Each structure stands twice: as C-alpha cells, then as structure tokens.
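Worksheet for the structure shown next.
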Amino acid sequence: MNEPNPIPKPLPLTEPQQREATRLCVETGLTLLQYGAESALVENLARRLALSLGVERAEVALLANAVVVTSLGSGHCITTVRRNEDRGINMHVVTEVQRAVLDVEDGKLDAAGYRARFEAIRPLRYSRALTSAVIGLSCACFARLVGADWASCSVAFVASGVAMAVRLQLVKLHFNPLVNFFLTAFVATSIAGQAAIYSLGDTPRIAMASCVLLLVPGYPLINSISDMVKGYINTGLARGMYALLLSAGACAGILLAMSVWKVWAWL
Amino acid sequence: MNLLLGVLQQMALASVPAVGFGMVFNVPKRVLGYCAVGGALGRGLRYFLVEGAGIPVEWSTLLAAATVSLLGVAIAQRLRAHPKVFTVAAMIPMIPGVPLFKTLIAIVQIQQKGLNNELLSTAITSGLQAFFVVAALAVGLAVPGLLFYRRRPVV
C-alpha cells in the first residue's frame, strides 16, 4: 500500500492576493445583482468564488442597492462595498459569470484568469427589430389564449410590436423605467384603441388588454417572492415594490390613453 | 378529446411568449429552446389540472411550476447554468398580467368615482388572484431547493 499523498495545504493568501480576491468577489456579486439574478444565487456564487480563491472565510451582505463583502484571511479582514444600479435583466451575463465561477471551483482558472474571463463578458443583446416582432407575436398569442378572434390578434400584434420598439428606443435614450413604462403603455393602448373605435375585429377589448402584457414586470415579481421565501426579505421587498411601481406606471399610461381616445376596456 | 385539443392549443400558444420574453431577458440562444418547452409544459399542465382534474388555479400553478423547475434542474446541471436562467421565462405565460392591471385600474376608478361594491370587489379579487398565482409560481420554482437541495447548491 502506498502512503496516501497528503494534500498540500494551500498557503495563506498574502495581503495583495486577499485584496484581489475580495475585489473579484464583490464585483462578481455586483454584476449578478445588476443583471437580475436572485439574491440567493448572488450570495452563493460570490461566497463560493472567494473560498475557491483561497480566502479563509467570506461574508456577503446584500442591500437593496449595494453589495458588501468581507473576507477573512491570515488574521485580518478586508471589507468593501459597491453601489448597485439596475442594468436590466440579462441571463446571458448571469450564465457566463456562473460558468467562470464553476471553472475556478474546478481549479481550471486562477485569480488572474478569472479576472480576464470576467472582464471579457459582454452582455448579449438581441436585435431590437427581432425582439419587437417576437414580443408582438407573444402578445397576439396571449390574446388568442383568452379567445380573441384573428383580427383582434393582429391588432394586438401590431400594437405590442410597435410598443416594444418604443420601449427599447426609450431604454436606449436612458429614460427612467417608470417614464418608459408609462409612455409605452400609452402607445400600446392608443393603437389598440383605434381598432376599438373603427370596430376592427369582434373582441377589441381583449386586444386592448393583451397588448400591454409586455409591460408586466414578471421577472422582478417572481424574483421578489423567491428572495423573500429564501429569507432575503429586504431585497425581496425592494424588488416587489419596484415591480408594483412599474405596473402603476403602465397603468397610468393605459388610463391616460383610454381617456384621451374615450374607449373603455378592462372593467 | 376536447381536453386534449385544449391542452395542445395552450401548449403551442404558450411556447411563443416564453421564447419572446426569454429574448427580453437575453437568455442565450442555445437555451431559448428550453424556455419554449418549459413554457409549453407549464401552461399545458396547468390547463389540464384546472380543466381536467378541477384543481383550483393557484394549486395547479404551483404543481406546474414545480414540475418545470424539477425538470429544469436536470437540464441546468448539464448546461452548467442556474435553472432560473430559463425557468422564469417559461413561467411568463402563466403570469397573471390581466388581473394585476385590473386591480390597479379598479383602484384608480375607486379614487375617481367613489367607492362602490363592484369596483371594490374587482380590486380585491383580482389583486388576490394576481398575488396568489405569482406566489405559487415563485414557490413552485423554489421547490427543488426547498425539498431536495437543502444544504447544497443546485449547480
């Protein structure tokens, strides 16, 4: 029998190494939070990254708009805070960051390699024309699901397709999301309202309801409850409140459009 | 037979918004197919449970979301990505968007026209329906973590 090889105990990190590991950890957490990952995943991946980079202990605290990381190593700790601003949901970034962290865990990447790979991640964006067309189709499908006729489905397609193009243009111009949702809902309801005025199709009300469904903040709503179920009450409440505000913005746009064109749907 | 046709129709119609919203969430191209399958499966299963088995919509939603999430875990481990990357987009066809907006519009109407029973009951019932269905979706998605992956990460 061979003597089992004792696994060499990793050397404690030097202070610059620990500083770099802490920075990578907080930047990873921040990026995941900015692109819409749920809190449990953010905390889990940030901590796993720090530990596999050789930090003795890592603590991650998430606030509604900041990330705090403390790493402990060789008798002292380093704490750092990053402010968070929302960059919109991007699952491509979340996937790429997670794969890089898994590679560090498997020992395929060291700190320098991880930084190079992390900084090379460029958020994927689908083309605006394609997204608008597919969202138009999606809202037409929503209309069909609740029994609209084909004419009303076409109305929903046009209204929500145009609205999505407007929404993406407003995002590009860096408008506040609340203003964006208000204006987009106004555009969608106005277009679908014309169909009701000129009585296109037999179910104009379904078209009016379906064409604004692109504005339901589904991801933040689900994230909000998931966070709270897993014990992250503060980020969960913040996300839920923001989702509700976005819906209220859209609702104001719908109501304005309905009173301008004097077509009443919904109730 | 009608039930089967209904399920198939729901599945076909639900796969489109799952992909559409997957694109809004910038889900990677290779993963969009899983969004479509998950969306179709979730919505189809919920329709079957509500129409065929007579289970209330919130419980059906919970079961459908849990099923999609459990299957999602297996796929996620192959993809080396968190299941939420594609399962949330798959839940979009089940999001109660109409009740959510109905609630808010009814509240504004109450403020403008004064309180009456019809508006109040619309506001409360739609609001509760929206809340319970969203909660069912979120809890359903969390089922693998709550039941099987209690002390270890899914991926």
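Naming scheme: A, B, ... for chains in displayed order of the structure tokens; residues 1 onward per chain; ligands 1 onward as shown.
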Provide as a PyMOL selection string the residues of chain A at most 6 Å from chain B, counting only C-alpha atoms.
chain A and resi 89-92+95+134-135+138+141+216+222+225-226
Output the selection as a compact mmCIF listing (two decimals), in the first residue's frame - C-alpha atoms for each residue.
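See again-v2.txt below for the written result:
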```txt
# COMPACT_ATOMS: atom_id res chain seq x y z
CA ILE A 89 -32.28 41.61 -16.86
CA ASN A 90 -29.61 39.74 -18.77
CA MET A 91 -29.49 35.98 -18.32
CA HIS A 92 -26.55 35.66 -20.69
CA THR A 95 -24.82 32.27 -17.21
CA VAL A 134 -41.38 38.29 -31.31
CA ILE A 135 -42.97 40.28 -28.48
CA SER A 138 -46.23 36.80 -27.93
CA CYS A 141 -50.69 34.56 -28.51
CA VAL A 216 -45.97 43.14 -16.76
CA ILE A 222 -41.04 36.25 -9.27
CA ILE A 225 -41.20 36.35 -3.86
CA SER A 226 -38.26 33.93 -4.39
```
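Once segment 237-253 of chain A and its same-chain neighbours fewer than 5 positions away are set aside, Leu178, Phe181, Phe182, Ala185, Phe186, Pro217, Pro220, Leu221 and Ser224 of chain A remain within 6 Å of it when counting only C-alpha atoms.
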Output file for the residues above (N, CA and C atoms, as a tab-separated table (two decimals), in the first residue's frame):
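Just written: part-v9.tsv:
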```
chain	number	residue	atom	x	y	z
A	178	LEU	N	-39.75	54.07	-15.17
A	178	LEU	CA	-41.16	54.39	-14.87
A	178	LEU	C	-41.75	55.25	-15.99
A	181	PHE	N	-42.27	52.94	-18.99
A	181	PHE	CA	-43.46	52.08	-18.94
A	181	PHE	C	-44.73	52.89	-19.18
A	182	PHE	N	-44.76	54.12	-18.64
A	182	PHE	CA	-45.92	54.99	-18.83
A	182	PHE	C	-46.13	55.26	-20.31
A	185	ALA	N	-47.05	52.08	-22.41
A	185	ALA	CA	-48.44	51.65	-22.21
A	185	ALA	C	-49.39	52.58	-22.96
A	186	PHE	N	-49.06	53.89	-22.96
A	186	PHE	CA	-49.90	54.85	-23.69
A	186	PHE	C	-49.92	54.51	-25.18
A	217	PRO	N	-44.12	43.31	-15.13
A	217	PRO	CA	-42.75	43.02	-14.69
A	217	PRO	C	-42.66	41.64	-14.07
A	220	PRO	N	-39.11	40.63	-12.08
A	220	PRO	CA	-38.98	41.20	-10.73
A	220	PRO	C	-40.01	40.64	-9.76
A	221	LEU	N	-41.24	40.39	-10.23
A	221	LEU	CA	-42.27	39.86	-9.32
A	221	LEU	C	-41.86	38.49	-8.80
A	224	SER	N	-38.87	38.71	-6.53
A	224	SER	CA	-39.25	39.29	-5.24
A	224	SER	C	-39.73	38.21	-4.28
```
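Counting from atom CA of Leu130 of chain A, the distance to atom CA of Tyr219 of chain A is 20.6 Å.
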Atom CA of Asn2 of chain B sits from atom CA of Trp59 of chain B at a separation of 22.6 Å
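Every residue of segment 35-255 of chain A with a DSSP assignment of strand (DSSP E), taken from the backbone, is listed as Arg57, Ala58, Glu59, Val60, Ala61, Leu62, Leu63, Ala66, Val67, Val68, Val69, Thr70, Ser71, Leu72, Gly73, His76, Cys77, Ile78, Thr79, Thr80, Val81, Arg82 and Arg83 of chain A.
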